[in-house]
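Colleague: Below is the file target.txt, with compact mmCIF, C-alpha atoms and all ligand atoms.
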# COMPACT_ATOMS: atom_id res chain seq x y z
CA MET Z 1008 55.60 -8.68 21.12
CA PHE Z 1009 55.65 -4.90 21.29
CA PRO Z 1010 53.27 -2.48 22.93
CA ILE Z 1011 51.31 -0.72 20.21
CA THR Z 1012 51.55 2.93 21.04
CA GLU Z 1013 50.30 5.64 18.68
CA LYS Z 1014 53.92 6.36 17.87
CA LYS Z 1015 54.55 2.74 16.96
CA ILE Z 1016 51.55 2.67 14.62
CA ILE Z 1017 52.72 5.80 12.86
CA SER Z 1018 56.27 4.56 12.53
CA GLU Z 1019 54.95 1.31 11.05
CA ILE Z 1020 52.87 3.24 8.51
CA LEU Z 1021 55.82 5.47 7.63
CA LYS Z 1022 58.06 2.45 7.20
CA HIS Z 1023 55.75 1.26 4.43
CA GLU Z 1024 55.75 4.76 3.00
CA GLY Z 1025 59.56 4.52 2.84
CA CYS Z 1026 60.09 8.08 4.10
CA ALA Z 1027 63.52 9.64 4.40
CA ASP Z 1028 64.59 10.02 8.05
CA PHE Z 1029 64.37 13.79 7.92
CA ILE Z 1030 60.67 13.39 6.98
CA THR Z 1031 59.92 10.79 9.65
CA ASP Z 1032 61.59 13.05 12.23
CA LEU Z 1033 59.06 15.78 11.45
CA PHE Z 1034 56.21 13.69 12.70
CA HIS Z 1035 54.63 14.22 16.08
CA VAL Z 1036 51.49 12.48 17.19
CA ASN Z 1037 49.92 15.87 17.91
CA LEU Z 1038 49.94 16.63 14.18
CA LEU Z 1039 46.73 14.63 13.99
CA ASN Z 1040 43.38 15.59 15.38
CA ASN Z 1041 42.35 12.02 15.85
CA SER Z 1042 43.85 8.94 17.38
CA VAL Z 1043 45.49 6.41 15.07
CA LYS Z 1044 44.67 3.59 17.49
CA PRO Z 1045 41.82 2.34 15.23
CA PHE Z 1046 44.56 1.05 12.91
CA THR Z 1047 44.85 -1.95 15.26
CA ASN Z 1048 41.12 -2.66 15.07
CA PHE Z 1049 40.56 -5.98 13.29
CA ASN Z 1050 36.77 -6.09 13.26
CA SER Z 1051 34.62 -6.01 10.16
CA GLN Z 1052 31.13 -4.89 9.28
CA LEU Z 1053 28.83 -4.59 6.28
CA LYS Z 1054 29.49 -1.36 4.40
CA SER Z 1055 27.87 0.26 1.40
CA PHE Z 1056 30.24 1.44 -1.31
CA ILE Z 1057 29.23 4.28 -3.53
CA GLY Z 1058 27.98 2.92 -6.81
CA ILE Z 1059 26.12 4.43 -9.70
CA SER Z 1060 22.51 5.07 -10.71
CA GLY Z 1061 21.56 5.12 -7.02
CA LYS Z 1062 22.66 1.53 -6.56
CA SER Z 1063 25.29 0.78 -3.93
CA PRO Z 1064 27.14 -2.52 -3.66
CA THR Z 1065 27.87 -3.85 -0.17
CA GLU Z 1066 30.50 -6.08 1.41
CA LYS Z 1067 31.53 -7.03 4.91
CA VAL Z 1068 34.90 -5.30 5.21
CA SER Z 1069 37.25 -3.79 7.79
CA ILE Z 1070 35.37 -1.38 10.10
CA ILE Z 1071 38.30 1.00 9.79
CA ASP Z 1072 39.19 2.39 6.39
CA LYS Z 1073 42.90 1.91 7.07
CA GLY Z 1074 43.84 3.30 3.67
CA LEU Z 1075 42.13 6.57 4.56
CA LEU Z 1076 43.89 6.65 7.92
CA ARG Z 1077 47.24 6.07 6.21
CA LYS Z 1078 46.55 8.83 3.69
CA THR Z 1079 45.61 11.22 6.51
CA ILE Z 1080 48.96 10.61 8.19
CA VAL Z 1081 50.89 11.04 4.94
CA LYS Z 1082 48.99 14.22 4.15
CA ALA Z 1083 49.75 15.71 7.58
CA LEU Z 1084 53.40 14.81 7.19
CA LYS Z 1085 53.59 16.31 3.71
CA LYS Z 1086 52.09 19.54 4.97
CA ARG Z 1087 54.58 19.61 7.82
CA ALA Z 1088 57.48 19.14 5.38
CA PHE Z 1089 56.22 21.89 3.07
CA ASP Z 1090 55.64 24.23 6.02
CA SER Z 1091 59.29 23.64 6.95
CA ASN Z 1092 60.39 24.46 3.39
CA LEU Z 1093 61.40 20.89 2.76
CA PRO Z 1094 60.37 18.56 -0.06
CA TYR Z 1095 58.43 15.39 0.78
CA LEU Z 1096 60.64 12.42 -0.04
CA HIS Z 1097 59.87 8.70 0.08
CA LEU Z 1098 60.43 5.47 -1.85
CA ALA Z 1099 58.34 5.23 -5.00
CA TYR Z 1100 55.51 2.71 -4.62
CA TYR Z 1101 56.13 0.96 -7.92
CA PRO Z 1102 59.16 -0.17 -9.90
CA LYS Z 1103 60.73 2.34 -12.27
CA GLY Z 1104 58.68 3.02 -15.35
CA TYR Z 1105 55.30 2.04 -13.88
CA HIS Z 1106 52.46 4.42 -13.13
CA THR Z 1107 50.67 1.86 -10.93
CA ILE Z 1108 50.10 -1.86 -10.42
CA VAL Z 1109 47.22 -3.98 -11.73
CA THR Z 1110 46.29 -7.42 -10.40
CA PHE Z 1111 43.30 -9.68 -10.90
CA ARG Z 1112 42.61 -12.39 -8.33
CA VAL Z 1113 40.37 -15.37 -8.94
CA ASP Z 1114 38.65 -17.00 -5.97
CA CYS Z 1115 37.66 -20.38 -7.40
CA ASP Z 1116 34.61 -20.94 -5.15
CA VAL Z 1117 32.70 -24.06 -6.33
CA SER Z 1118 34.18 -23.69 -9.81
CA ASP Z 1119 33.85 -26.69 -12.09
CA LYS Z 1120 36.25 -27.44 -14.90
CA GLU Z 1121 34.11 -25.70 -17.46
CA SER Z 1122 33.86 -22.32 -15.68
CA PHE Z 1123 37.52 -22.46 -14.62
CA PHE Z 1124 38.85 -22.99 -18.14
CA HIS Z 1125 36.32 -20.61 -19.62
CA LEU Z 1126 37.82 -17.77 -17.56
CA LEU Z 1127 41.33 -18.98 -18.33
CA LYS Z 1128 40.57 -18.80 -22.04
CA ILE Z 1129 39.26 -15.24 -21.77
CA SER Z 1130 42.30 -14.09 -19.78
CA GLU Z 1131 44.68 -15.67 -22.27
CA LYS Z 1132 43.02 -13.82 -25.11
CA TYR Z 1133 44.39 -10.71 -23.35
CA SER Z 1134 47.65 -12.37 -22.21
CA PHE Z 1135 46.54 -11.37 -18.73
CA PRO Z 1136 48.28 -13.21 -15.87
CA LEU Z 1137 45.85 -14.00 -13.05
CA THR Z 1138 46.40 -15.15 -9.48
CA TRP Z 1139 44.11 -18.13 -8.85
CA PHE Z 1140 43.12 -19.32 -5.36
CA LEU Z 1141 41.84 -22.88 -5.31
CA HIS Z 1142 38.80 -24.21 -3.46
CA LEU Z 1143 40.10 -27.77 -3.33
CA ALA Z 1144 36.82 -29.50 -2.45
CA PHE Z 1145 35.85 -28.52 -6.01
CA GLN Z 1146 39.12 -28.35 -7.93
CA GLU Z 1147 40.72 -31.50 -6.52
CA SER Z 1148 39.16 -33.63 -9.24
CA TYR Z 1149 40.83 -31.67 -12.06
CA ILE Z 1150 43.88 -30.22 -10.29
CA HIS Z 1151 46.31 -32.10 -12.56
CA GLU Z 1152 44.91 -30.09 -15.48
CA ILE Z 1153 45.53 -26.82 -13.61
CA ASP Z 1154 49.29 -27.50 -13.34
CA ASP Z 1155 49.98 -26.34 -16.82
CA ILE Z 1156 48.49 -22.86 -16.59
CA ARG Z 1157 51.49 -21.63 -14.59
CA LYS Z 1158 53.58 -21.86 -17.75
CA ASN Z 1159 51.68 -18.88 -19.11
CA GLY Z 1160 52.50 -16.64 -16.16
CA HIS Z 1161 49.50 -17.44 -13.97
CA GLU Z 1162 49.99 -18.01 -10.28
CA VAL Z 1163 48.04 -20.72 -8.43
CA GLN Z 1164 47.61 -20.60 -4.64
CA LEU Z 1165 45.31 -21.72 -1.85
CA HIS Z 1166 41.82 -20.49 -0.97
CA CYS Z 1167 40.61 -23.42 1.15
CA TYR Z 1168 39.46 -27.03 1.16
CA ASP Z 1169 35.99 -26.36 2.58
CA HIS Z 1170 34.79 -22.84 1.89
CA GLU Z 1171 34.84 -21.56 5.46
CA THR Z 1172 36.93 -19.36 7.76
CA TYR Z 1173 36.54 -20.58 11.32
CA PRO Z 1174 36.92 -18.78 14.64
CA SER Z 1175 39.03 -21.68 15.93
CA TYR Z 1176 42.68 -22.34 15.27
CA ILE Z 1177 42.19 -26.12 15.05
CA GLU Z 1178 39.45 -25.88 12.44
CA ASN Z 1179 41.34 -23.37 10.30
CA LYS Z 1180 44.46 -25.47 10.50
CA ARG Z 1181 42.67 -28.66 9.51
CA ASN Z 1182 41.00 -26.99 6.54
CA ILE Z 1183 44.11 -25.16 5.34
CA LEU Z 1184 46.43 -28.15 5.67
CA LYS Z 1185 43.96 -30.36 3.85
CA GLY Z 1186 43.95 -28.03 0.86
CA LYS Z 1187 47.68 -27.37 1.04
CA ASN Z 1188 48.54 -31.09 1.09
CA ILE Z 1189 46.45 -31.77 -2.01
CA MET Z 1190 48.19 -28.95 -3.87
CA GLU Z 1191 51.65 -29.96 -2.76
CA LYS Z 1192 51.12 -33.58 -3.78
CA GLU Z 1193 50.41 -32.19 -7.22
CA GLY Z 1194 53.65 -30.18 -7.23
CA PHE Z 1195 52.30 -26.74 -6.31
CA LYS Z 1196 54.21 -24.79 -3.69
CA VAL Z 1197 51.72 -22.99 -1.46
CA SER Z 1198 53.14 -19.57 -0.58
CA GLY Z 1199 50.03 -17.39 -0.79
CA PHE Z 1200 46.53 -17.54 0.67
CA VAL Z 1201 43.23 -15.70 0.61
CA SER Z 1202 40.54 -16.65 3.12
CA PRO Z 1203 36.95 -17.65 2.37
CA PHE Z 1204 34.63 -14.62 2.62
CA GLY Z 1205 37.67 -12.36 3.07
CA LYS Z 1206 37.49 -12.97 6.83
CA TRP Z 1207 40.48 -12.43 9.09
CA ASN Z 1208 41.05 -13.45 12.72
CA HIS Z 1209 43.94 -14.27 15.06
CA SER Z 1210 43.62 -18.00 14.78
CA LEU Z 1211 43.71 -17.80 10.99
CA ASN Z 1212 46.76 -15.54 11.19
CA ARG Z 1213 48.45 -18.05 13.51
CA VAL Z 1214 47.99 -20.86 11.00
CA LEU Z 1215 49.28 -18.67 8.15
CA GLU Z 1216 52.37 -17.80 10.18
CA GLU Z 1217 52.95 -21.47 10.93
CA ILE Z 1218 52.77 -22.53 7.30
CA LYS Z 1219 54.87 -19.45 6.41
CA VAL Z 1220 52.98 -18.07 3.45
CA ASN Z 1221 54.47 -14.93 1.90
CA TYR Z 1222 51.21 -13.02 1.85
CA SER Z 1223 47.48 -13.17 2.36
CA SER Z 1224 44.60 -10.98 1.24
CA GLU Z 1225 41.46 -10.42 3.39
CA PHE Z 1226 39.23 -7.38 3.03
CA ALA Z 1227 37.97 -7.85 6.60
CA ILE Z 1228 41.32 -6.42 7.79
CA GLY Z 1229 41.99 -3.93 4.99
CA TYR Z 1230 40.85 -2.85 1.53
CA ASP Z 1231 41.69 -0.28 -1.15
CA ASP Z 1232 45.18 0.31 0.17
CA PHE Z 1233 48.88 -0.47 -0.14
CA PRO Z 1234 50.25 -3.66 1.45
CA PHE Z 1235 50.78 -3.69 5.24
CA TYR Z 1236 51.42 -6.03 8.15
CA PRO Z 1237 48.29 -6.19 10.35
CA LEU Z 1238 48.83 -4.79 13.85
CA TYR Z 1239 46.66 -6.25 16.57
CA LYS Z 1240 46.78 -7.04 20.28
CA ASN Z 1241 50.33 -5.76 20.76
CA ARG Z 1242 51.67 -7.75 17.86
CA ARG Z 1243 52.49 -7.30 14.24
CA SER Z 1244 51.49 -10.14 11.94
CA LYS Z 1245 54.33 -11.75 10.01
CA ILE Z 1246 52.06 -12.10 6.99
CA LEU Z 1247 52.05 -9.29 4.46
CA GLN Z 1248 48.48 -8.25 3.69
CA LEU Z 1249 47.64 -7.35 0.06
CA PRO Z 1250 44.41 -5.31 0.12
CA ILE Z 1251 41.99 -5.40 -2.82
CA HIS Z 1252 38.97 -3.41 -3.94
CA PRO Z 1253 36.36 -5.65 -2.31
CA ILE Z 1254 33.56 -5.28 -4.86
CA CYS Z 1255 33.25 -7.92 -7.60
CA ILE Z 1256 30.71 -8.63 -10.35
CA GLY Z 1257 28.77 -10.77 -7.84
CA SER Z 1258 28.44 -7.87 -5.37
CA LEU Z 1259 27.08 -5.66 -8.16
CA ARG Z 1260 24.62 -8.33 -9.29
CA LYS Z 1261 23.33 -8.62 -5.71
CA SER Z 1262 22.67 -4.88 -5.72
CA GLY Z 1263 20.73 -5.05 -8.97
CA PHE Z 1264 23.29 -3.62 -11.41
CA THR Z 1265 22.64 -4.26 -15.10
CA ASN Z 1266 25.55 -5.43 -17.27
CA HIS Z 1267 25.94 -1.91 -18.58
CA GLU Z 1268 26.00 -0.44 -15.06
CA MET Z 1269 28.60 -3.01 -13.99
CA MET Z 1270 30.88 -1.85 -16.80
CA ASN Z 1271 30.35 1.79 -15.80
CA TYR Z 1272 31.14 0.93 -12.20
CA PHE Z 1273 34.42 -0.81 -13.04
CA GLU Z 1274 35.37 1.92 -15.45
CA LYS Z 1275 34.96 4.50 -12.69
CA ILE Z 1276 36.91 2.46 -10.16
CA ILE Z 1277 39.74 1.75 -12.58
CA THR Z 1278 39.96 5.35 -13.82
CA SER Z 1279 39.84 6.80 -10.32
CA LYS Z 1280 42.56 4.48 -9.03
CA TYR Z 1281 44.71 4.98 -12.11
CA GLU Z 1282 44.55 8.78 -11.83
CA ARG Z 1283 45.50 8.63 -8.16
CA GLN Z 1284 48.27 6.10 -8.85
CA GLU Z 1285 46.65 3.68 -6.41
CA PRO Z 1286 46.95 -0.10 -6.82
CA ILE Z 1287 44.19 -1.52 -9.04
CA MET Z 1288 43.44 -4.82 -7.32
CA LEU Z 1289 40.29 -6.49 -8.61
CA TYR Z 1290 38.84 -9.96 -8.08
CA GLY Z 1291 36.11 -12.33 -9.17
CA HIS Z 1292 34.72 -15.87 -9.21
CA PRO Z 1293 34.61 -18.10 -12.31
CA LYS Z 1294 31.40 -19.96 -11.42
CA ASN Z 1295 27.93 -18.42 -10.93
CA GLU Z 1296 29.44 -15.04 -11.63
CA ILE Z 1297 32.03 -14.38 -14.36
CA ASP Z 1298 30.61 -17.27 -16.44
CA ASN Z 1299 27.32 -15.36 -16.65
CA TYR Z 1300 28.91 -12.00 -17.52
CA PRO Z 1301 31.35 -12.54 -20.39
CA ASP Z 1302 30.81 -8.98 -21.66
CA VAL Z 1303 31.66 -7.48 -18.26
CA ILE Z 1304 34.83 -9.51 -17.76
CA ASN Z 1305 35.95 -8.79 -21.32
CA PHE Z 1306 35.34 -5.10 -20.64
CA ILE Z 1307 37.44 -5.25 -17.43
CA PHE Z 1308 40.39 -6.95 -19.15
CA THR Z 1309 40.20 -4.61 -22.16
CA THR Z 1310 40.14 -1.56 -19.88
CA LEU Z 1311 43.02 -2.78 -17.71
CA LYS Z 1312 45.15 -3.75 -20.71
CA GLY Z 1313 44.52 -0.34 -22.25
CA LEU Z 1314 46.07 1.58 -19.33
CA PRO Z 1315 49.47 3.07 -20.16
CA ASP Z 1316 52.51 2.05 -18.11
CA VAL Z 1317 50.82 -0.30 -15.66
CA TRP Z 1318 52.55 -3.26 -14.07
CA ILE Z 1319 50.24 -6.25 -14.53
CA ALA Z 1320 51.52 -8.54 -11.81
CA THR Z 1321 50.72 -11.66 -9.85
CA TYR Z 1322 50.41 -11.55 -6.06
CA THR Z 1323 53.81 -13.16 -5.47
CA GLU Z 1324 55.49 -10.61 -7.72
CA TYR Z 1325 53.77 -7.77 -5.87
CA ALA Z 1326 54.59 -9.17 -2.39
CA LYS Z 1327 58.20 -9.73 -3.42
CA TRP Z 1328 58.48 -6.18 -4.74
CA TRP Z 1329 56.95 -4.69 -1.60
CA LYS Z 1330 59.31 -6.62 0.68
CA LYS Z 1331 62.31 -5.63 -1.40
CA ARG Z 1332 61.17 -2.02 -1.16
CA LEU Z 1333 60.71 -2.32 2.62
CA SER Z 1334 64.24 -3.62 3.05
CA ALA Z 1335 65.87 -0.81 1.04
CA LYS Z 1336 68.02 1.43 3.21
CA TYR Z 1337 69.11 4.94 2.40
CA SER Z 1338 69.78 8.33 3.88
CA VAL Z 1339 69.22 11.72 2.35
CA SER Z 1340 70.41 15.14 3.36
CA ILE Z 1341 69.50 18.47 1.84
CA LYS Z 1342 71.75 21.50 1.86
CA GLY Z 1343 70.62 24.45 -0.16
CA ASP Z 1344 69.88 23.17 -3.64
CA PHE Z 1345 71.78 19.92 -3.16
CA LEU Z 1346 70.32 16.55 -2.37
CA THR Z 1347 72.81 13.95 -1.15
CA ILE Z 1348 71.70 10.33 -1.31
CA LYS Z 1349 73.63 7.55 0.37
CA THR Z 1350 72.63 3.94 -0.12
CA ASP Z 1351 73.94 0.43 -0.72
CA ASN Z 1352 71.13 -0.16 -3.18
CA THR Z 1353 72.04 -1.10 -6.74
CA ASN Z 1354 68.59 -2.22 -7.90
CA PRO Z 1355 67.56 0.13 -10.74
CA ASP Z 1356 63.85 -0.53 -10.10
CA LEU Z 1357 63.95 1.38 -6.82
CA GLN Z 1358 63.45 5.12 -6.97
CA LEU Z 1359 62.86 8.05 -4.68
CA HIS Z 1360 59.75 10.11 -5.25
CA ILE Z 1361 60.12 13.78 -4.39
CA GLU Z 1362 57.24 16.22 -4.10
CA LYS Z 1363 57.40 19.97 -3.65
CA GLN Z 1364 54.88 22.39 -2.25
CA ASP Z 1365 54.02 23.82 -5.65
CA SER Z 1366 52.60 20.45 -6.81
CA LEU Z 1367 55.78 19.57 -8.66
CA GLU Z 1368 57.18 16.09 -8.44
CA THR Z 1369 60.07 14.06 -9.73
CA TYR Z 1370 61.64 10.63 -9.46
CA VAL Z 1371 65.35 9.89 -9.00
CA PRO Z 1372 67.10 6.53 -8.89
CA LEU Z 1373 67.85 5.17 -5.40
CA LEU Z 1374 71.61 5.34 -5.89
CA THR Z 1375 74.38 7.16 -4.06
CA ALA Z 1376 74.57 10.60 -5.64
CA LYS Z 1377 74.70 14.33 -5.10
CA LEU Z 1378 72.05 16.07 -7.16
CA SER Z 1379 71.13 19.65 -7.83
CA MET Z 1380 67.38 19.91 -7.29
CA ALA Z 1381 67.12 22.83 -9.70
CA HIS Z 1382 68.47 20.59 -12.45
CA LEU Z 1383 66.02 17.75 -11.92
CA LYS Z 1384 63.13 17.38 -14.32
CA TRP Z 1385 60.00 18.31 -12.40
CA THR Z 1386 56.49 17.61 -13.61
CA TYR Z 1387 53.16 18.95 -12.44
CA ARG Z 1388 51.22 16.65 -10.16
CA LYS Z 1389 47.44 16.85 -10.23
CA GLU Z 1390 46.00 16.91 -6.73
CA PHE Z 1391 42.97 14.83 -5.89
CA THR Z 1392 40.70 15.12 -2.91
CA GLU Z 1393 40.71 12.13 -0.56
CA LEU Z 1394 37.03 11.59 -1.00
CA SER Z 1395 36.33 12.08 -4.66
CA ILE Z 1396 32.94 13.20 -5.88
CA ASP Z 1397 32.02 9.63 -6.60
CA GLY Z 1398 33.56 8.61 -3.28
CA ILE Z 1399 35.49 5.66 -4.62
CA GLY Z 1400 36.77 3.44 -1.85
CA SER Z 1401 34.95 5.27 0.84
CA MET Z 1402 31.85 4.25 2.63
CA LEU Z 1403 28.51 5.89 2.27
CA SER Z 1404 26.83 4.44 5.28
CA ASP Z 1405 27.11 1.59 7.70
CA GLU Z 1406 24.55 -1.07 8.12
ZN ZN H 1 35.67 -17.73 -1.73
Can the structure in the file be given as structure tokens, please?
Modeller:
Amino acid sequence: MFPITEKKIISEILKHEGCADFITDLFHVNLLNNSVKPFTNFNSQLKSFIGISGKSPTEKVSIIDKGLLRKTIVKALKKRAFDSNLPYLHLAYYPKGYHTIVTFRVDCDVSDKESFFHLLKISEKYSFPLTWFLHLAFQESYIHEIDDIRKNGHEVQLHCYDHETYPSYIENKRNILKGKNIMEKEGFKVSGFVSPFGKWNHSLNRVLEEIKVNYSSEFAIGYDDFPFYPLYKNRRSKILQLPIHPICIGSLRKSGFTNHEMMNYFEKIITSKYERQEPIMLYGHPKNEIDNYPDVINFIFTTLKGLPDVWIATYTEYAKWWKKRLSAKYSVSIKGDFLTIKTDNTNPDLQLHIEKQDSLETYVPLLTAKLSMAHLKWTYRKEFTELSIDGIGSMLSDE
């Protein structure tokens, strides 16, 4: 238990940012015009996301756009660093060599064998590893045939037994354990979870902490963002949250998108996130959705596979990376042109990302070293507005 002060929220956000101490020390709560307290808000509501052709998909997601709040804090901190003639320095979000991460999650709601293996076949055409979340009331009958797909790099985890997220602890526990037991009897280790309808509540979190999953993913607590540990009621959840973009083919169909418009929508989302080096976390359902839109899903996989230098990962790989990154310790001091890094790290995947006021940026390995900043190779970083013209990831209006 810890009291969640504004300072605590900010320090939690900056921990995930992996800032050097001299950057974190620059931060004062009064740098922000608004309170960061909403970060602990765990309520959800129906929001419209900006679409195309005047059509806007909707989903019931976190009331607070926590990603936007995080970016506001980082932006204020960056400005503060630049105003103090310092570079902004933090741990790179992705392993060395990757521009961003790409994941595709499959919520297997009511999927029969035919729709399940139809999607599998399409993904394998692209050698695209997916993270599958089973709805055991439907997949129990053919679960022994699902075993094998893990050999090809797919990850298989738990969605539910009955497709429901309950307010009560007892009901969630019964449902989750029922599904988990079926999977474990079949030799699956359940270490990841995504809830039905993307809902999140305390009692669900309590069950997930008890069964010790490594991560969960619920857009009712966060979306379009980097991973975080939910803060609520003076606590921090022990379960790492992996936020996704909460709009799938089904959401677009509900809002009257044609196949062609769906492809345009995903192209815009993917391009916008790629340019901004934000995680590209998409999802879908094999039955009554992807099975009816083979052209759209083929388009999505083709587009994602065509992106240069992306890390196409499963959820466990991503969670593992993020936790490794969070545990990395280092200190940096700057004297004149010299940057002195001290660290015990030896993992070559971890890097420091350094940005300067003049939109120049560079990456250096997270290894003990003394570097001349003038001799580093700096590249120009294109700046993007938080709310792009098409407003990706932001809300248009509340309903
Ligand atoms: Zn579902």
Colleague: Residues up to 7 Å from ligand ZN 1 (chain H), counting only C-alpha atoms and all ligand atoms: could you list those as a ChimeraX atom specification?
Modeller: /Z:1114-1116,1166,1170,1202-1204
Colleague: Keeping only C-alpha atoms, write the selected residues as a PDB file, in the frame of the given file.
Modeller:
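result22.pdb written:
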ATOM      1  CA  ASP Z1114      38.650 -17.000  -5.970  1.00  0.00           C
ATOM      2  CA  CYS Z1115      37.660 -20.380  -7.400  1.00  0.00           C
ATOM      3  CA  ASP Z1116      34.610 -20.940  -5.150  1.00  0.00           C
ATOM      4  CA  HIS Z1166      41.820 -20.490  -0.970  1.00  0.00           C
ATOM      5  CA  HIS Z1170      34.790 -22.840   1.890  1.00  0.00           C
ATOM      6  CA  SER Z1202      40.540 -16.650   3.120  1.00  0.00           C
ATOM      7  CA  PRO Z1203      36.950 -17.650   2.370  1.00  0.00           C
ATOM      8  CA  PHE Z1204      34.630 -14.620   2.620  1.00  0.00           C
TER       9      PHE Z1204
END
Colleague: Smallest atom-to-atom distance to Ser1130 of chain Z: which of Z:Thr1107, Z:Asn1159, Z:Thr1347, Z:Thr1265, using only C-alpha atoms?
Modeller: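 Answer, going by the shortest atom-to-atom distance: Z:Asn1159.
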Colleague: Excluding segment 1177-1187 of chain Z and its own-chain neighbours fewer than 4 positions away, which residues fall within 10 Å of it when counting only C-alpha atoms? Please give them as an MDAnalysis selection string.
Modeller: chainID Z and resid 1141:1144 1147 1164:1173 1191:1193 1195:1198 1200 1202 1210:1215 1217:1218
Colleague: Tell me, counting all atoms listed in the file, for each residue of segment 1094-1205 of chain Z within 12 Å of segment 1031-1049 of chain Z, which pair of atoms is nearest and how far apart they are in Å to one decimal, in rows ordered by chain and increasing number, as a Markdown table.
Modeller:
| residue | atom | partner | partner_atom | distance |
| --- | --- | --- | --- | --- |
| Z:Pro1094 | CA | Z:Leu1033 | CA | 11.9 |
| Z:Tyr1095 | CA | Z:Thr1031 | CA | 10.1 |
| Z:Leu1096 | CA | Z:Thr1031 | CA | 9.9 |
| Z:His1097 | CA | Z:Thr1031 | CA | 9.8 |
Colleague: Per residue of segment 1350-1387 of chain Z within 12 Å of segment 1012-1028 of chain Z, which atom pair is closest and at what distance in Å (one decimal), using only C-alpha atoms, listed by chain and increasing number, as a tab-separated table?
Modeller:
residue	atom	partner	partner_atom	distance
Z:Thr1350	CA	Z:Ala1027	CA	11.7
Z:Leu1357	CA	Z:Gly1025	CA	11.1
Z:Gln1358	CA	Z:Gly1025	CA	10.6
Z:Leu1359	CA	Z:Gly1025	CA	8.9
Z:His1360	CA	Z:Cys1026	CA	9.6
Z:Ile1361	CA	Z:Cys1026	CA	10.2
Z:Glu1362	CA	Z:Cys1026	CA	11.9
Z:Leu1373	CA	Z:Ala1027	CA	11.6
Colleague: Against segment 1278-1301 of chain Z, which residues of segment 1058-1121 of chain Z fall within 6 Å? For each one I want the closest pair of atoms and the distance in Å (one decimal), counting all atoms listed in the file, rows by chain and increasing residue number, as CSV.
Modeller:
residue,atom,partner,partner_atom,distance
Z:Thr1107,CA,Z:Gln1284,CA,5.3
Z:Ile1108,CA,Z:Pro1286,CA,5.1
Z:Val1109,CA,Z:Ile1287,CA,4.7
Z:Thr1110,CA,Z:Met1288,CA,4.9
Z:Phe1111,CA,Z:Leu1289,CA,4.9
Z:Arg1112,CA,Z:Tyr1290,CA,4.5
Z:Val1113,CA,Z:Gly1291,CA,5.2
Z:Asp1114,CA,Z:His1292,CA,5.2
Z:Cys1115,CA,Z:His1292,CA,5.7
Z:Ser1118,CA,Z:Lys1294,CA,4.9
Colleague: Using all atoms listed in the file, determine which residues lie at most 7 Å from segment 1065-1070 of chain Z, disregarding the query and same-chain residues fewer than 6 positions distant; provide the list as a ChimeraX atom specification.
Modeller: /Z:1049-1056,1226-1229,1253,1258
Colleague: Which of these, Z:Leu1126, Z:Lys1275, Z:Pro1315, Z:Met1380, has the shortest distance to Gly1343 of chain Z once you count all atoms listed in the file?
Modeller: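 Looking only at the distances to Gly1343 of chain Z, the closest residue turns out to be Z:Met1380.
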Colleague: Between atom CA of Ile1254 of chain Z and atom CA of Pro1064 of chain Z, measure the distance and give it in Å to one decimal.
Modeller: 7.1 Å
Colleague: Reconstruct segment 1213-1222 of chain Z at the level of N, CA and C atoms, and format the result as an mmCIF file, keeping the file's coordinate frame.
Modeller:
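Done, and the output landed in part.cif:
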data_model
loop_
_atom_site.group_PDB
_atom_site.id
_atom_site.type_symbol
_atom_site.label_atom_id
_atom_site.label_comp_id
_atom_site.auth_asym_id
_atom_site.auth_seq_id
_atom_site.Cartn_x
_atom_site.Cartn_y
_atom_site.Cartn_z
ATOM 1 N N ARG Z 1213 47.494 -17.127 12.879
ATOM 2 C CA ARG Z 1213 48.450 -18.050 13.510
ATOM 3 C C ARG Z 1213 48.774 -19.214 12.567
ATOM 4 N N VAL Z 1214 47.759 -19.758 11.937
ATOM 5 C CA VAL Z 1214 47.990 -20.860 11.000
ATOM 6 C C VAL Z 1214 48.845 -20.380 9.822
ATOM 7 N N LEU Z 1215 48.539 -19.191 9.300
ATOM 8 C CA LEU Z 1215 49.280 -18.670 8.150
ATOM 9 C C LEU Z 1215 50.742 -18.420 8.507
ATOM 10 N N GLU Z 1216 50.978 -17.987 9.745
ATOM 11 C CA GLU Z 1216 52.370 -17.800 10.180
ATOM 12 C C GLU Z 1216 53.073 -19.148 10.304
ATOM 13 N N GLU Z 1217 52.340 -20.142 10.778
ATOM 14 C CA GLU Z 1217 52.950 -21.470 10.930
ATOM 15 C C GLU Z 1217 53.312 -22.084 9.578
ATOM 16 N N ILE Z 1218 52.455 -21.920 8.604
ATOM 17 C CA ILE Z 1218 52.770 -22.530 7.300
ATOM 18 C C ILE Z 1218 53.618 -21.572 6.448
ATOM 19 N N LYS Z 1219 53.917 -20.407 7.011
ATOM 20 C CA LYS Z 1219 54.870 -19.450 6.410
ATOM 21 C C LYS Z 1219 54.533 -19.031 4.986
ATOM 22 N N VAL Z 1220 53.286 -18.621 4.778
ATOM 23 C CA VAL Z 1220 52.980 -18.070 3.450
ATOM 24 C C VAL Z 1220 53.618 -16.680 3.335
ATOM 25 N N ASN Z 1221 53.848 -16.243 2.121
ATOM 26 C CA ASN Z 1221 54.470 -14.930 1.900
ATOM 27 C C ASN Z 1221 53.484 -13.777 2.029
ATOM 28 N N TYR Z 1222 52.223 -14.081 1.808
ATOM 29 C CA TYR Z 1222 51.210 -13.020 1.850
ATOM 30 C C TYR Z 1222 49.833 -13.629 2.040
#
